[in-house]
Amino acid sequence: MTPLAAAANENLAQISNYLIYSSMAVYTLAFFAHIAEWTFGSRSKVARTAAALTGAAEAQDAPAVQVRGKGGGTAVLDQPKVVTRSAAGTRDVPDGPGAGGGTVQGDLYGRIAISLTALAFLIEAGGVLARAMSVQRAPWGNMYEFSITFSTVAVGTYLALLALKKNVRWLGLILVTSVLLDLGIAVKILYTDSDQLVPALHSYWLWIHVSTAIFCGAVFYIGAAGAVLYLFRDAYEGRLANGRTAGKFYASVMERLPSAASLDKFSYRINAAVFPLWTFTIIAGAIWAGDAWGRYWNWDPKEVWSFVTWVAYAAYLHARATAGWKGRKAAYLALFAFACWIWNYYGVNMFLNGLHSYSGV
């Protein structure tokens with residue numbers, strides 16, 4: 001490489017670092033905007049009115065409803081009771097109004113938060129692209145590069161779901177918070193100077209295998225976030241169904257989320273949609289291993305935990321399709337599967353040695 005080319009690559013690496021730090025600054029602004037959305041949305045009377053109507057309907061002394069007939073007379077009807085359970089183990093509960101709480105001010109802050117998130121995404125994507133240009137290869141050769149690409153894909157997936165008119169704005173605060181954590185770890189702990197790959201990674205399979213692994217992890221993360229919120233919302237609905245009350249802040253947050261049934265369905269569909277791609281990721285890795293090392297499977301720690309993750313998600317999907325394992329049990333299994341994926345990325349790379357150790361910090 002000529003001195004001029006080396007200097008150009010160094011400048012691109014510095015630009016990449018600047019863009020990553022700039023994206024963190026914008027994500028921080030988005031974080032506060034999301035906080036404002038939830039804060040001002042809590043002033044909405046939507047949830048409290050719905051709760052009051054439900055309580056009045058279920059009360060013993062619920063007021064009667066008078067309706068005027070065509071002939072001028074009136075008829076007295078009993079106050080209808082709100083159905084909270086449509087079948088054993090399920091609830092017929094509507095989705096909440098969202099983080100903005102149905103208020104103009106809350107919705108305004110929510111739109112600002114989404115706009116800032118989209119801006120931060122574009123800046124971070126520019127940082128990943130500049131990193132790729134500085135090393136003249138796919139920017140997935142080490143944990144730092146994997147991390148910044150992972151968070152970029154996660155936010156991109158979230159924005160794509162919003163563009164498709166999916167009800168996922170409630171995920172914004174959790175997503176931005178975790179992205180800031182991911183980028184903070186990347187720049188402070190995992191950062192590695194731009195460098196060339198080891199010979200084993202010089203293959204077109206790097207573009208195929210690692211890119212699909214990053215995408216799967218990002219989507220699995222969104223599914224895991226849905227499972228966590230499902231557990232909280234399900235516990236809240238169960239508390240109300242049993243006649244107990246909840247604190248004002250806790251109730252305000254829970255009432256604005258989608259129902260437990262919606263969150264359960266969301267998590268299941270996300271995980272089910274990406275599972276075939278995770279299967280392809282493992283197969284592509286095996287083919288690449290055969291080309292690089294002469295063996296398709298070496299029982300390397302990375303390979304073993306990739307397979308464990310696959311088994312965990314396969315068990316979750318099977319359990320979720322089985323009536324006895326719907327709901328909380330399936331959600332716990334989904335979170336266990338994602339924990340296996342996280343361990344495969346952080347734990348295996350940092351604490352275990354193997355053929356994939358070259359991708360460490």
# chains A, B, ... in the order shown; residues from 1 in each chain; ligands from 1
>>> residues_around(residues="Pro276 in chain A", least_positions_apart="5", cutoff="10 Å", atoms="only C-alpha atoms", output="PyMOL selection string")
chain A and resi 216+271+281+310+314
>>> write_last_selection(atoms="N, CA, C and O atoms", output="compact mmCIF listing (two decimals), in the first residue's frame")
# COMPACT_ATOMS: atom_id res chain seq x y z
N CYS A 216 -29.59 -11.52 12.04
CA CYS A 216 -30.36 -12.41 12.92
C CYS A 216 -30.29 -11.94 14.36
O CYS A 216 -31.31 -11.89 15.08
N ASN A 271 -39.41 -13.80 16.00
CA ASN A 271 -38.47 -14.91 16.14
C ASN A 271 -38.70 -15.98 15.07
O ASN A 271 -37.74 -16.54 14.53
N THR A 281 -27.48 -19.28 8.47
CA THR A 281 -26.22 -18.74 8.98
C THR A 281 -25.30 -19.86 9.44
O THR A 281 -24.09 -19.86 9.16
N TRP A 310 -29.40 -22.28 18.23
CA TRP A 310 -30.36 -22.80 17.27
C TRP A 310 -31.33 -23.76 17.94
O TRP A 310 -32.55 -23.68 17.72
N ALA A 314 -35.32 -23.27 18.32
CA ALA A 314 -36.17 -24.32 17.77
C ALA A 314 -37.12 -24.84 18.85
O ALA A 314 -38.32 -25.08 18.59
>>> residues_around(residues="Leu129 in chain A", least_positions_apart="3", cutoff="12 Å", atoms="only C-alpha atoms", output="list of chain:residue names")
A:Leu12, A:Ala13, A:Ile15, A:Ser16, A:Asn17, A:Leu19, A:Ile20, A:Leu122, A:Ile123, A:Glu124, A:Ala125, A:Gly126, A:Ala132, A:Met133, A:Ser134, A:Val135, A:Gln136, A:Arg137, A:Ala138, A:Pro139, A:Trp140, A:Glu145, A:Ile148, A:Thr149, A:Thr152
>>> write_last_selection(atoms="N, CA, C and O atoms", output="tab-separated table (two decimals), in the first residue's frame")
chain	number	residue	atom	x	y	z
A	12	LEU	N	-10.10	8.05	6.71
A	12	LEU	CA	-11.43	7.42	6.71
A	12	LEU	C	-11.73	6.78	8.06
A	12	LEU	O	-12.88	6.84	8.53
A	13	ALA	N	-10.72	6.18	8.68
A	13	ALA	CA	-10.91	5.58	10.00
A	13	ALA	C	-11.27	6.65	11.03
A	13	ALA	O	-12.14	6.44	11.89
A	15	ILE	N	-12.71	9.53	10.34
A	15	ILE	CA	-14.07	9.97	10.01
A	15	ILE	C	-15.09	8.99	10.58
A	15	ILE	O	-16.13	9.39	11.12
A	16	SER	N	-14.80	7.70	10.46
A	16	SER	CA	-15.70	6.68	11.01
A	16	SER	C	-15.87	6.86	12.51
A	16	SER	O	-17.01	6.83	13.03
A	17	ASN	N	-14.77	7.07	13.22
A	17	ASN	CA	-14.85	7.27	14.67
A	17	ASN	C	-15.67	8.52	15.00
A	17	ASN	O	-16.50	8.51	15.94
A	19	LEU	N	-18.05	9.87	13.22
A	19	LEU	CA	-19.46	9.62	12.93
A	19	LEU	C	-20.09	8.74	14.00
A	19	LEU	O	-21.26	8.96	14.38
A	20	ILE	N	-19.37	7.75	14.48
A	20	ILE	CA	-19.92	6.89	15.53
A	20	ILE	C	-20.19	7.69	16.80
A	20	ILE	O	-21.26	7.58	17.42
A	122	LEU	N	-28.71	7.15	10.34
A	122	LEU	CA	-28.00	7.51	9.11
A	122	LEU	C	-26.55	7.88	9.42
A	122	LEU	O	-25.64	7.50	8.67
A	123	ILE	N	-26.32	8.59	10.52
A	123	ILE	CA	-24.95	8.95	10.88
A	123	ILE	C	-24.14	7.70	11.23
A	123	ILE	O	-22.99	7.54	10.80
A	124	GLU	N	-24.75	6.80	12.01
A	124	GLU	CA	-24.05	5.57	12.40
A	124	GLU	C	-23.77	4.70	11.18
A	124	GLU	O	-22.68	4.12	11.05
A	125	ALA	N	-24.74	4.60	10.28
A	125	ALA	CA	-24.53	3.83	9.05
A	125	ALA	C	-23.39	4.42	8.24
A	125	ALA	O	-22.58	3.69	7.64
A	126	GLY	N	-23.29	5.76	8.23
A	126	GLY	CA	-22.16	6.40	7.57
A	126	GLY	C	-20.84	6.04	8.22
A	126	GLY	O	-19.82	5.84	7.54
A	132	ALA	N	-15.64	0.54	6.67
A	132	ALA	CA	-15.44	-0.43	5.60
A	132	ALA	C	-14.49	0.11	4.54
A	132	ALA	O	-13.61	-0.61	4.04
A	133	MET	N	-14.64	1.38	4.21
A	133	MET	CA	-13.77	1.98	3.21
A	133	MET	C	-12.34	2.11	3.71
A	133	MET	O	-11.38	1.98	2.94
A	134	SER	N	-12.19	2.33	5.02
A	134	SER	CA	-10.84	2.49	5.56
A	134	SER	C	-10.06	1.19	5.55
A	134	SER	O	-8.83	1.19	5.45
A	135	VAL	N	-10.75	0.07	5.69
A	135	VAL	CA	-10.07	-1.24	5.71
A	135	VAL	C	-10.23	-1.97	4.38
A	135	VAL	O	-9.65	-3.03	4.18
A	136	GLN	N	-11.08	-1.41	3.48
A	136	GLN	CA	-11.30	-1.97	2.15
A	136	GLN	C	-11.77	-3.43	2.21
A	136	GLN	O	-11.28	-4.30	1.51
A	137	ARG	N	-12.73	-3.66	3.08
A	137	ARG	CA	-13.32	-4.99	3.24
A	137	ARG	C	-14.64	-4.82	3.98
A	137	ARG	O	-15.03	-3.70	4.35
A	138	ALA	N	-15.32	-5.94	4.20
A	138	ALA	CA	-16.54	-5.91	5.01
A	138	ALA	C	-16.17	-5.51	6.44
A	138	ALA	O	-15.21	-6.05	7.00
A	139	PRO	N	-16.91	-4.59	7.04
A	139	PRO	CA	-16.55	-4.09	8.39
A	139	PRO	C	-17.02	-5.01	9.52
A	139	PRO	O	-17.70	-4.57	10.45
A	140	TRP	N	-16.66	-6.29	9.41
A	140	TRP	CA	-17.09	-7.26	10.42
A	140	TRP	C	-15.95	-8.17	10.85
A	140	TRP	O	-16.14	-9.35	11.12
A	145	GLU	N	-16.25	-3.81	15.18
A	145	GLU	CA	-16.97	-3.63	13.93
A	145	GLU	C	-18.31	-4.36	13.95
A	145	GLU	O	-19.32	-3.87	13.42
A	148	ILE	N	-20.86	-2.15	16.15
A	148	ILE	CA	-21.43	-0.95	15.55
A	148	ILE	C	-22.37	-1.33	14.40
A	148	ILE	O	-23.38	-0.64	14.16
A	149	THR	N	-22.08	-2.42	13.71
A	149	THR	CA	-22.98	-2.87	12.65
A	149	THR	C	-24.25	-3.46	13.24
A	149	THR	O	-25.36	-3.24	12.73
A	152	THR	N	-26.59	-0.73	14.29
A	152	THR	CA	-27.13	-0.08	13.09
A	152	THR	C	-28.26	-0.91	12.49
A	152	THR	O	-29.32	-0.37	12.12
>>> residues_around(residues="Tyr332 in chain A", least_positions_apart="3", cutoff="9 Å", atoms="only C-alpha atoms", output="NGL selection string")
:A and (227-228 or 231 or 316 or 327-329 or 335-337)
>>> write_last_selection(atoms="C-alpha atoms", output="tab-separated table (two decimals), in the first residue's frame")
chain	number	residue	atom	x	y	z
A	227	ALA	CA	-40.86	-10.97	25.29
A	228	VAL	CA	-39.62	-8.92	28.26
A	231	LEU	CA	-43.90	-10.59	30.90
A	316	TYR	CA	-39.11	-22.08	21.70
A	327	GLY	CA	-47.47	-17.41	27.31
A	328	ARG	CA	-44.95	-16.96	30.09
A	329	LYS	CA	-43.19	-20.31	29.73
A	335	LEU	CA	-35.22	-15.02	26.55
A	336	PHE	CA	-33.02	-18.02	27.33
A	337	ALA	CA	-32.43	-18.49	23.61
>>> atom_distance(atom1="CA of Val348 in chain A", atom2="CA of Pro301 in chain A")
6.6 Å
>>> closest_residue(among="A:Trp343, A:Trp278, A:Phe31, A:Phe215", to="Ala154 in chain A", atoms="only C-alpha atoms")
A:Phe215
